[in-house]
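Text of input_5.txt (compact mmCIF, C-alpha atoms) as supplied:
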```txt
# COMPACT_ATOMS: atom_id res chain seq x y z
CA ALA A 1 45.04 65.43 -32.15
CA TYR A 2 42.87 66.61 -35.02
CA GLU A 3 39.24 67.54 -34.52
CA SER A 4 36.75 66.64 -37.25
CA GLU A 5 36.11 70.24 -38.27
CA SER A 6 39.78 71.27 -38.44
CA LEU A 7 40.49 68.01 -40.24
CA ASN A 8 37.91 68.88 -42.89
CA VAL A 9 39.37 72.38 -43.28
CA ALA A 10 42.85 70.92 -43.56
CA LEU A 11 41.70 68.49 -46.20
CA ILE A 12 40.09 71.28 -48.23
CA LYS A 13 43.25 73.37 -48.03
CA LEU A 14 45.31 70.32 -48.89
CA GLU A 15 43.28 69.70 -52.03
CA ALA A 16 43.93 73.29 -53.12
CA THR A 17 47.63 72.83 -52.41
CA GLU A 18 47.61 69.60 -54.38
CA LYS A 19 46.20 71.39 -57.41
CA GLU A 20 48.75 74.19 -57.04
CA VAL A 21 51.56 71.70 -56.77
CA GLU A 22 50.39 69.94 -59.91
CA ALA A 23 50.34 73.30 -61.74
CA GLN A 24 53.76 74.47 -60.52
CA ALA A 25 55.56 71.17 -59.94
CA GLN A 26 58.44 72.13 -62.26
CA ASN A 27 59.32 75.06 -59.96
CA ILE A 28 59.68 72.94 -56.81
CA SER A 29 63.31 72.12 -56.11
CA VAL A 30 62.80 70.05 -52.93
CA TYR A 31 61.45 67.04 -54.83
CA GLU A 32 63.06 65.40 -57.77
CA ASN A 33 59.70 65.41 -59.57
CA GLU A 34 56.14 66.53 -58.96
CA GLN A 35 54.88 63.01 -58.28
CA THR A 36 56.68 62.75 -54.92
CA ILE A 37 54.91 65.66 -53.25
CA ILE A 38 51.64 64.71 -54.86
CA ALA A 39 52.01 61.19 -53.41
CA ASP A 40 52.72 62.64 -49.95
CA ILE A 41 49.70 64.92 -50.19
CA LYS A 42 47.55 61.97 -51.30
CA SER A 43 48.88 59.87 -48.42
CA TRP A 44 48.17 62.68 -45.97
CA LYS A 45 44.66 63.03 -47.39
CA ASP A 46 44.00 59.25 -47.23
CA GLU A 47 45.33 59.14 -43.69
CA GLY A 48 43.02 62.02 -42.81
CA PHE A 49 39.99 60.22 -44.13
CA SER A 50 41.07 57.07 -42.24
CA LEU A 51 41.57 59.14 -39.08
CA LYS A 52 38.13 60.69 -39.47
CA LYS A 53 36.56 57.28 -39.88
CA ALA A 54 38.47 55.88 -36.87
CA LYS A 55 37.38 58.79 -34.69
CA ALA A 56 33.77 58.36 -35.73
CA GLU A 57 34.02 54.64 -34.97
CA LEU A 58 35.72 55.42 -31.62
CA MET A 59 32.94 57.82 -30.73
CA LYS A 60 30.37 55.15 -31.52
CA LYS A 61 32.26 52.59 -29.47
CA GLU A 62 32.64 54.91 -26.46
CA GLU A 63 29.23 56.56 -26.54
CA THR A 64 26.99 53.73 -27.80
CA ASP A 65 28.57 50.29 -27.96
CA LEU A 66 30.39 50.31 -24.62
CA PRO A 67 27.44 51.70 -22.58
CA ALA A 68 25.11 49.20 -24.27
CA ALA A 69 27.51 46.34 -23.54
CA GLU A 70 27.97 47.49 -19.93
CA THR A 71 24.17 47.80 -19.49
CA ALA A 72 23.72 44.29 -20.87
CA LEU A 73 26.45 43.08 -18.48
CA ASN A 74 24.76 44.78 -15.53
CA GLU A 75 21.44 43.17 -16.49
CA ALA A 76 23.13 39.79 -16.80
CA GLU A 77 24.76 40.25 -13.38
CA VAL A 78 21.38 41.12 -11.85
CA LEU A 79 19.85 38.01 -13.40
CA LEU A 80 22.80 35.93 -12.21
CA VAL A 81 22.43 37.27 -8.66
CA ALA A 82 18.71 36.46 -8.73
CA ALA A 83 19.33 32.99 -10.20
CA THR A 84 22.05 32.35 -7.63
CA LYS A 85 19.74 33.37 -4.80
CA ASP A 86 16.94 31.18 -6.14
CA GLU A 87 19.32 28.23 -6.41
CA GLU A 88 20.69 28.84 -2.91
CA ASP A 89 17.17 29.13 -1.46
CA ILE A 90 16.12 25.81 -3.01
CA ARG A 91 19.41 24.21 -1.93
CA LYS A 92 18.79 25.35 1.65
CA LEU A 93 15.32 23.76 1.55
CA LEU A 94 16.83 20.63 0.03
CA ASP A 95 19.53 20.53 2.72
CA GLU A 96 16.84 20.98 5.35
CA ALA A 97 14.83 18.07 3.89
CA ASN A 98 17.95 15.91 3.78
CA GLY A 99 18.66 16.81 7.40
CA GLN A 100 15.14 15.87 8.44
CA LEU A 101 15.35 12.57 6.56
CA ALA A 102 18.73 11.84 8.11
CA ALA A 103 17.29 12.52 11.56
CA LEU A 104 14.29 10.27 10.90
CA ASN A 105 16.41 7.52 9.32
CA LEU A 106 13.53 6.01 7.33
CA PRO A 107 15.29 2.69 6.55
CA ALA A 108 15.80 2.10 10.28
CA LEU A 109 12.19 3.13 11.01
CA ARG A 110 10.84 0.76 8.37
CA LYS A 111 13.00 -2.05 9.70
CA GLU A 112 11.87 -1.39 13.28
CA LYS A 113 8.22 -1.18 12.26
CA ASP A 114 8.44 -4.48 10.37
CA PHE A 115 10.26 -6.03 13.33
CA LEU A 116 7.69 -4.87 15.91
CA THR A 117 4.85 -5.92 13.61
CA SER A 118 6.40 -9.37 13.36
CA VAL A 119 6.90 -9.51 17.13
CA ASN A 120 3.31 -8.48 17.74
CA ARG A 121 2.04 -11.03 15.23
CA THR A 122 4.00 -13.74 17.05
CA LYS A 123 2.75 -12.55 20.45
CA GLU A 124 -0.84 -12.54 19.14
CA THR A 125 -0.31 -16.09 17.88
CA ILE A 126 1.06 -17.08 21.30
CA GLU A 127 -1.91 -15.49 23.03
CA GLY A 128 -4.23 -17.28 20.64
CA TYR A 129 -2.59 -20.62 21.39
CA ARG A 130 -2.80 -19.92 25.12
CA ARG A 131 -6.50 -19.12 24.81
CA ASP A 132 -7.03 -22.27 22.79
CA ILE A 133 -5.06 -24.30 25.35
CA ALA A 134 -7.12 -22.86 28.21
CA GLU A 135 -10.37 -23.56 26.35
CA THR A 136 -9.21 -27.04 25.36
CA THR A 137 -8.11 -27.78 28.93
CA GLU A 138 -11.52 -26.69 30.17
CA THR A 139 -13.17 -28.81 27.49
CA ILE A 140 -11.08 -31.79 28.56
CA ALA A 141 -12.11 -31.30 32.20
CA LEU A 142 -15.76 -31.11 31.22
CA THR A 143 -15.38 -34.10 28.90
CA GLU A 144 -13.65 -36.12 31.62
CA SER A 145 -16.51 -35.31 33.98
CA GLN A 146 -19.00 -36.24 31.28
CA LEU A 147 -17.11 -39.46 30.58
CA GLU A 148 -17.05 -40.30 34.27
CA ASN A 149 -20.83 -39.91 34.40
CA LEU A 150 -21.26 -41.95 31.24
CA LYS A 151 -18.96 -44.67 32.56
CA ALA A 152 -21.01 -44.77 35.77
CA ALA A 153 -24.19 -44.96 33.71
CA GLU A 154 -22.63 -47.68 31.57
CA THR A 155 -21.67 -49.65 34.67
CA ALA A 156 -25.18 -49.24 36.07
CA GLU A 157 -26.79 -50.29 32.81
CA LYS A 158 -24.48 -53.30 32.54
CA ALA A 159 -25.22 -54.25 36.14
CA GLU A 160 -28.92 -54.01 35.45
CA LEU A 161 -28.39 -56.04 32.30
CA ALA A 162 -26.54 -58.69 34.28
CA ARG A 163 -29.32 -58.76 36.81
CA LEU A 164 -31.99 -59.07 34.17
CA GLU A 165 -29.90 -61.68 32.38
CA GLU A 166 -29.79 -63.77 35.56
CA GLU A 167 -33.48 -63.15 36.13
CA HIS A 168 -34.17 -64.09 32.56
CA ARG A 169 -32.18 -67.30 32.92
CA ARG A 170 -33.87 -68.32 36.15
CA ARG A 171 -37.33 -67.52 34.88
CA GLU A 172 -36.63 -69.28 31.62
CA GLN A 173 -35.72 -72.40 33.54
CA THR A 174 -38.71 -72.00 35.82
CA ILE A 175 -41.25 -71.33 33.10
CA GLN A 176 -39.95 -73.37 30.19
CA LYS A 177 -38.73 -76.41 32.06
CA PHE A 178 -39.64 -76.91 35.67
CA ALA A 179 -43.15 -75.43 35.57
CA LYS A 180 -44.25 -77.75 32.81
CA GLU A 181 -42.62 -80.77 34.43
CA MET A 182 -44.02 -79.86 37.81
CA ARG A 183 -47.54 -79.58 36.41
CA THR A 184 -47.52 -83.31 35.80
CA VAL A 185 -46.41 -84.20 39.32
CA LEU A 186 -48.07 -81.52 41.43
CA HIS A 187 -50.42 -82.72 44.13
CA ALA A 188 -53.83 -81.41 44.53
CA GLY A 189 -52.96 -79.72 47.75
CA LEU A 190 -50.51 -76.96 46.86
CA GLY A 191 -48.14 -75.55 49.43
CA ASN A 192 -46.49 -78.79 50.46
CA ALA A 193 -42.79 -79.21 50.67
CA ASP A 194 -42.90 -81.51 47.72
CA ASN A 195 -44.17 -78.60 45.62
CA MET A 196 -41.03 -76.48 46.15
CA CYS A 197 -39.58 -74.79 43.07
CA PRO A 198 -36.16 -76.29 42.33
CA VAL A 199 -34.97 -73.03 40.76
CA CYS A 200 -35.81 -70.43 43.37
CA GLY A 201 -36.42 -72.72 46.31
CA GLN A 202 -39.85 -71.24 47.06
CA VAL A 203 -42.94 -73.31 47.78
CA VAL A 204 -45.29 -73.24 44.84
CA THR A 205 -48.67 -72.11 46.11
CA GLU A 206 -50.16 -71.46 42.71
CA LEU A 207 -49.34 -72.63 39.25
CA LYS A 208 -50.34 -70.44 36.34
CA ALA A 209 -51.55 -71.68 33.04
CA ASP A 210 -48.96 -72.24 30.31
CA ALA A 211 -50.32 -69.38 28.23
CA LEU A 212 -49.87 -66.97 31.07
CA LEU A 213 -46.41 -68.33 31.75
CA ASP A 214 -45.44 -67.85 28.09
CA GLU A 215 -46.75 -64.28 28.15
CA GLU A 216 -44.79 -63.59 31.31
CA TYR A 217 -41.68 -65.09 29.74
CA GLN A 218 -42.05 -62.88 26.63
CA GLN A 219 -42.31 -59.83 28.87
CA ILE A 220 -39.09 -60.81 30.59
CA GLN A 221 -37.39 -61.25 27.19
CA LYS A 222 -38.63 -57.84 26.15
CA GLU A 223 -37.28 -56.21 29.29
CA PHE A 224 -33.96 -57.97 28.82
CA ALA A 225 -33.72 -56.88 25.18
CA GLU A 226 -34.53 -53.27 26.11
CA GLN A 227 -31.93 -53.32 28.84
CA GLU A 228 -29.40 -54.84 26.50
CA THR A 229 -30.04 -51.96 24.08
CA LYS A 230 -29.66 -49.45 26.92
CA ALA A 231 -26.36 -51.04 27.95
CA LYS A 232 -25.06 -50.96 24.38
CA ASP A 233 -26.16 -47.33 23.98
CA ALA A 234 -24.47 -46.42 27.26
CA THR A 235 -21.26 -48.14 26.12
CA ALA A 236 -21.45 -46.44 22.71
CA ALA A 237 -22.00 -43.03 24.34
CA ALA A 238 -19.10 -43.58 26.73
CA ASP A 239 -16.86 -44.80 23.87
CA LYS A 240 -17.77 -41.81 21.75
CA VAL A 241 -16.94 -39.35 24.51
CA GLU A 242 -13.78 -41.28 25.34
CA ASN A 243 -12.65 -41.08 21.70
CA LEU A 244 -13.50 -37.39 21.66
CA LEU A 245 -11.48 -36.97 24.83
CA LYS A 246 -8.51 -38.69 23.19
CA LEU A 247 -8.77 -36.42 20.15
CA THR A 248 -9.06 -33.35 22.38
CA ARG A 249 -6.00 -34.38 24.36
CA ARG A 250 -4.05 -34.88 21.13
CA SER A 251 -5.22 -31.45 20.02
CA LEU A 252 -4.02 -30.04 23.33
CA ASP A 253 -0.63 -31.69 22.84
CA GLY A 254 -0.43 -30.16 19.36
CA LEU A 255 -1.33 -26.74 20.72
CA ASN A 256 1.38 -27.01 23.37
CA VAL A 257 3.94 -27.96 20.69
CA LYS A 258 2.91 -24.98 18.55
CA LEU A 259 2.99 -22.70 21.58
CA ASP A 260 6.53 -23.82 22.41
CA GLN A 261 7.57 -23.19 18.79
CA GLU A 262 6.15 -19.67 18.80
CA ILE A 263 7.77 -18.90 22.16
CA LYS A 264 11.12 -20.09 20.80
CA LYS A 265 10.54 -18.01 17.68
CA LEU A 266 9.82 -14.92 19.79
CA THR A 267 12.85 -15.55 21.99
CA GLY A 268 15.10 -15.93 18.96
CA CYS A 269 13.62 -12.80 17.41
CA LEU A 270 14.31 -10.73 20.52
CA GLU A 271 17.76 -12.17 21.13
CA GLY A 272 20.49 -9.55 21.19
CA ARG A 273 18.17 -6.57 21.70
CA SER A 274 18.62 -4.39 24.74
CA ASP A 275 14.82 -4.07 25.07
CA ALA A 276 14.20 -7.81 24.70
CA GLN A 277 12.70 -8.22 28.17
CA THR A 278 10.57 -5.11 27.81
CA LEU A 279 9.14 -6.29 24.51
CA SER A 280 8.68 -9.79 25.86
CA ASP A 281 6.66 -8.46 28.80
CA ALA A 282 4.76 -5.84 26.79
CA SER A 283 1.18 -6.53 25.76
CA THR A 284 0.17 -6.64 22.11
CA GLU A 285 -1.72 -3.37 22.65
CA VAL A 286 1.44 -1.62 23.84
CA ILE A 287 3.47 -2.90 20.88
CA ALA A 288 0.65 -1.96 18.51
CA ALA A 289 0.82 1.58 19.92
CA MET A 290 4.58 1.60 19.29
CA VAL A 291 3.97 0.50 15.69
CA THR A 292 1.42 3.30 15.30
CA VAL A 293 4.00 5.87 16.43
CA LEU A 294 6.50 4.49 13.90
CA GLN A 295 3.87 4.58 11.15
CA LYS A 296 3.22 8.27 11.87
CA LYS A 297 6.94 9.02 11.68
CA LEU A 298 7.18 7.06 8.43
CA ALA A 299 4.23 8.95 6.99
CA GLN A 300 5.96 12.20 7.95
CA GLY A 301 9.21 10.99 6.39
CA GLU A 302 7.45 9.89 3.20
CA GLU A 303 5.92 13.34 2.88
CA ILE A 304 9.38 14.84 3.26
CA GLU A 305 10.68 12.40 0.62
CA LYS A 306 7.99 13.56 -1.81
CA LYS A 307 8.87 17.17 -1.01
CA LYS A 308 12.54 16.34 -1.54
CA GLU A 309 11.81 14.84 -4.96
CA GLU A 310 10.07 18.05 -5.97
CA LEU A 311 12.93 20.12 -4.53
CA VAL A 312 15.49 18.06 -6.47
CA LYS A 313 13.62 18.75 -9.70
CA THR A 314 13.31 22.43 -8.82
CA HIS A 315 16.97 22.62 -7.81
CA THR A 316 18.02 21.03 -11.09
CA ASP A 317 15.95 23.64 -12.92
CA ARG A 318 17.45 26.45 -10.82
CA LEU A 319 20.97 25.16 -11.49
CA LYS A 320 20.21 25.16 -15.18
CA LYS A 321 18.93 28.72 -15.00
CA LYS A 322 21.94 29.74 -12.94
CA GLY A 323 24.21 28.13 -15.51
CA LEU A 324 22.47 29.99 -18.32
CA ALA A 325 22.72 33.24 -16.35
CA THR A 326 26.41 32.56 -15.69
CA ASN A 327 27.02 31.92 -19.37
CA ALA A 328 25.09 35.05 -20.29
CA ARG A 329 27.10 37.13 -17.81
CA THR A 330 30.33 35.64 -19.15
CA GLU A 331 29.27 36.46 -22.70
CA ARG A 332 28.29 40.00 -21.71
CA ALA A 333 31.56 40.51 -19.83
CA ALA A 334 33.45 39.23 -22.88
CA ALA A 335 31.47 41.63 -25.05
CA VAL A 336 32.41 44.55 -22.77
CA GLU A 337 36.06 43.54 -22.83
CA MET A 338 35.95 43.17 -26.59
CA VAL A 339 34.52 46.70 -26.99
CA LYS A 340 37.16 48.06 -24.61
CA THR A 341 39.86 46.27 -26.58
CA GLU A 342 38.46 47.70 -29.79
CA ILE A 343 38.45 51.18 -28.22
CA VAL A 344 42.10 50.80 -27.19
CA THR A 345 42.92 49.55 -30.67
CA LEU A 346 41.12 52.52 -32.25
CA LYS A 347 42.86 54.98 -29.94
CA ASN A 348 46.24 53.49 -30.85
CA LYS A 349 45.29 53.61 -34.49
CA ILE A 350 44.19 57.27 -34.16
CA GLU A 351 47.38 58.16 -32.34
CA GLU A 352 49.48 56.50 -35.05
CA SER A 353 47.43 58.25 -37.77
CA GLU A 354 47.86 61.62 -36.09
CA LYS A 355 51.60 61.11 -35.80
CA LYS A 356 51.82 60.03 -39.42
CA MET A 357 49.73 63.03 -40.57
CA GLU A 358 51.87 65.38 -38.53
CA SER A 359 54.97 63.94 -40.14
CA LEU A 360 53.48 64.19 -43.64
CA ALA A 361 52.22 67.73 -42.95
CA ALA A 362 55.67 68.82 -41.80
CA LYS A 363 57.23 67.26 -44.88
CA ILE A 364 54.69 68.88 -47.20
CA ASN A 365 54.96 72.29 -45.51
CA ALA A 366 58.70 72.11 -45.76
CA ALA A 367 58.42 71.37 -49.46
CA LEU A 368 55.98 74.19 -50.05
CA ASP A 369 57.99 76.89 -48.23
```

I'd like the structure from this file rewritten - as C-alpha cells, please.
Amino acid sequence: AYESESLNVALIKLEATEKEVEAQAQNISVYENEQTIIADIKSWKDEGFSLKKAKAELMKKEETDLPAAETALNEAEVLLVAATKDEEDIRKLLDEANGQLAALNLPALRKEKDFLTSVNRTKETIEGYRRDIAETTETIALTESQLENLKAAETAEKAELARLEEEHRRREQTIQKFAKEMRTVLHAGLGNADNMCPVCGQVVTELKADALLDEEYQQIQKEFAEQETKAKDATAAADKVENLLKLTRRSLDGLNVKLDQEIKKLTGCLEGRSDAQTLSDASTEVIAAMVTVLQKKLAQGEEIEKKKEELVKTHTDRLKKKGLATNARTERAAAVEMVKTEIVTLKNKIEESEKKMESLAAKINAALD
C-alpha cells in the first residue's frame, strides 16, 4: 500500500523520469517507440492521483461519515426504544381498560338496569292499583252504609208522607164535605149519637166555623206538601248515592281488571329468570336499591369508556410515532450499511489501484534499467 507522502514523492520522481524519457526516448531499446513508456508513466501517474483521491475519500468515510451514520443510527434506536416503550405503556393501559369493561359487561348491565326499572315500574303500578282498590273498597263500604241510612230515611219520609196523605184525605172529607153538610142538620144539643162524624166515627162536640176549618185544611195541605218535598228529596239523595255506588263499583271492577293485567305482565316479564320469585317478593324499595347499584357500576363503566376513547387516540398517536421511529431507524441503518458498502468498495478500488501501480512501476523500472 502507498502512503500519501510516499505517493507524492513517487509522483514527483515519476514526472522527472517522464521528462528524461521524453529527452532520451531514442536510446531506449525496450519499447518500440517513446510513446509506449510515456503512456505507461502517464497511466501510473493517473492511477496514483486516483489512488490518492480514493484514500482521502476512504479516510472521510471511515473517520467522519461512518461514525456520523452510526451515531444517527444509535440516536434513532434510542428514539425507537422510547417510542416502543410509550406505545407498550399505553397499550397496557388500554388492555387494562378493555379488561375492566369486559368484566363489567356494560351491555348486560344496561339491559339488567332497564329490566329492573321496568319491573319496579310495574310493581309500583300494581301497588298503586292495590291502594286504589283498598280505598275504593272502603269508599264502597262507607257509601253502602250511607245508602242504607238514606234508604231508611227515604222509607221513613215516605211512610210519613203516606200517613199525612191519609190524614189529608180524611180531613179533606171531614172539612170540605161532611162538616158543611152536618152544619145544616146538627141539633142544638151537641154530643148526641146523631152528631157522630161519619169519617172518623167520633162524636162531634163542637163545630168550628167554616173559615177556621178552611184555615186548618190549608195547614194540612201545607204540611203534606212539605212532607212530599222531603220524601222526594230523600228519594233523590238515595238515588244519587246509589248511582254513585254503582259507578264506584264499576270503577272497582276496572281497577281489578287493570291489576290482573299488570300482575300477568309482571309474571310474563319474570318468566324464565332464576330470581323470578325473589324479584316478585321484593319490595319496590329493594329493587330500586338494586337499580342504584347498577347505575353506579354503569357510571364507573362509562368513565372507563371515556378513558378508553382517550387511550385509543393516544395509542394511535404512539403507534404513529413508533412507526416514524422505526422508519427513521431503518433509514439510519440503511445509511450505515451504505457507508460500509462504500468503504468496502473504496478499499477494493484502492487495492486494485495499488496492484495496478505496482505492475506499472515494475514495467517502467524494467524499461528504465

Mind dumping a table of every stretch 48-146 of chain A residue within 7 Å of stretch 271-288 of chain A, with the nearest atom pair and its distance in Å to one decimal, using all atoms listed in the file, sorted by chain and rising number, as a tab-separated table?
```
residue	atom	partner	partner_atom	distance
A:Leu116	CA	A:Ile287	CA	6.8
A:Asn120	CA	A:Thr284	CA	5.7
A:Lys123	CA	A:Thr284	CA	6.7
A:Glu124	CA	A:Thr284	CA	6.7
```

Write the residues of the selection above to a file with C-alpha atoms, as a short mmCIF file (atom, residue, chain, number, x, y, z; two decimals), in the coordinates of the input.
```
data_model
loop_
_atom_site.label_atom_id
_atom_site.label_comp_id
_atom_site.auth_asym_id
_atom_site.auth_seq_id
_atom_site.Cartn_x
_atom_site.Cartn_y
_atom_site.Cartn_z
CA LEU A 116 7.69 -4.87 15.91
CA ASN A 120 3.31 -8.48 17.74
CA LYS A 123 2.75 -12.55 20.45
CA GLU A 124 -0.84 -12.54 19.14
#
```

Axis-aligned box over every listed atom of stretch 229-244 of chain A, padded by 6 Å per side: centre and edges in Å to one decimal, as JSON?
```
{"center_x": -21.3, "center_y": -44.7, "center_z": 24.8, "size_x": 29.4, "size_y": 26.6, "size_z": 18.3}
```

message: Restricting the calculation to all atoms listed in the file: of A:Thr316, A:Leu109, A:Leu101, A:Lys55, which residue gets closest to A:Thr292?
response: A:Leu109

query: Do you know which residues are at most 12 Å from A:Val257 counting all atoms listed in the file, after dropping those on the same chain fewer than 4 positions away, and could you put them as a list in words?
result: Ile126, Tyr129, Arg130, Ile133, Arg250, Ser251, Leu252, Asp253, Gln261, Glu262, Ile263 and Lys264 of chain A

Could you turn the residues from that selection into a file that holds C-alpha atoms, as a PDB file, in the coordinates of the input?
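In the end it all went to part-v9.pdb:
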```
ATOM      1  CA  ILE A 126       1.060 -17.080  21.300  1.00  0.00           C
ATOM      2  CA  TYR A 129      -2.590 -20.620  21.390  1.00  0.00           C
ATOM      3  CA  ARG A 130      -2.800 -19.920  25.120  1.00  0.00           C
ATOM      4  CA  ILE A 133      -5.060 -24.300  25.350  1.00  0.00           C
ATOM      5  CA  ARG A 250      -4.050 -34.880  21.130  1.00  0.00           C
ATOM      6  CA  SER A 251      -5.220 -31.450  20.020  1.00  0.00           C
ATOM      7  CA  LEU A 252      -4.020 -30.040  23.330  1.00  0.00           C
ATOM      8  CA  ASP A 253      -0.630 -31.690  22.840  1.00  0.00           C
ATOM      9  CA  GLN A 261       7.570 -23.190  18.790  1.00  0.00           C
ATOM     10  CA  GLU A 262       6.150 -19.670  18.800  1.00  0.00           C
ATOM     11  CA  ILE A 263       7.770 -18.900  22.160  1.00  0.00           C
ATOM     12  CA  LYS A 264      11.120 -20.090  20.800  1.00  0.00           C
TER      13      LYS A 264
END
```

statement: Computed gap from atom CA of A:Thr125 to atom CA of A:Thr137 is 17.9 Å

message: Quick one: residues within 9 Å of stretch 56-63 of chain A, all atoms listed in the file, excluding same-chain residues fewer than 2 positions away - as a VMD selection string?
response: chain A and resid 4 51 to 54 65 to 68 339 to 340 342 to 343 346 to 347

Grab the residues selected above and save them as a JSON list (two decimals), in the frame of the given file with C-alpha atoms.
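Done, and the output landed in again39.json:
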```json
[["chain", "number", "residue", "atom", "x", "y", "z"],
["A", 4, "SER", "CA", 36.75, 66.64, -37.25],
["A", 51, "LEU", "CA", 41.57, 59.14, -39.08],
["A", 52, "LYS", "CA", 38.13, 60.69, -39.47],
["A", 53, "LYS", "CA", 36.56, 57.28, -39.88],
["A", 54, "ALA", "CA", 38.47, 55.88, -36.87],
["A", 65, "ASP", "CA", 28.57, 50.29, -27.96],
["A", 66, "LEU", "CA", 30.39, 50.31, -24.62],
["A", 67, "PRO", "CA", 27.44, 51.70, -22.58],
["A", 68, "ALA", "CA", 25.11, 49.20, -24.27],
["A", 339, "VAL", "CA", 34.52, 46.70, -26.99],
["A", 340, "LYS", "CA", 37.16, 48.06, -24.61],
["A", 342, "GLU", "CA", 38.46, 47.70, -29.79],
["A", 343, "ILE", "CA", 38.45, 51.18, -28.22],
["A", 346, "LEU", "CA", 41.12, 52.52, -32.25],
["A", 347, "LYS", "CA", 42.86, 54.98, -29.94]]
```

field: Who sits within 12 Å of A:Ser353, all atoms listed in the file, same chain under 3 positions skipped, as a count of residues only
entry: 26

- prompt: When distances are computed from only C-alpha atoms, which of A:Ala231, A:Ile38, A:Val119, A:Ala108 shows the smallest separation from A:Lys151?
  reply: A:Ala231

- prompt: By how many Å are atom CA of A:Asn74 and atom CA of A:Arg318 apart?
  reply: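 Atom CA of A:Asn74 sits 20.3 Å away from atom CA of A:Arg318.
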
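Taking atom CA of A:Lys322 and atom CA of A:Gln100 as endpoints, the distance between them is 26.4 Å.
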
message: Counting all atoms listed in the file, which residue out of A:Lys307, A:Lys240, A:Lys265, A:Lys258 sits closest to A:Leu150?
response: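 Nearest candidate to A:Leu150 out of A:Lys307, A:Lys240, A:Lys265, A:Lys258: A:Lys240.
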
field: Near-A:Gln221 list (12 Å; all atoms listed in the file; drop same-chain fewer than 3 positions) as a PyMOL selection string
entry: chain A and resi 161+164-172+214-218+224-228

Counting all atoms listed in the file, the option among A:Leu270, A:Leu247, A:Val241, A:Ala299 closest to A:Glu148: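 Smallest distance to A:Glu148 is found for A:Val241.
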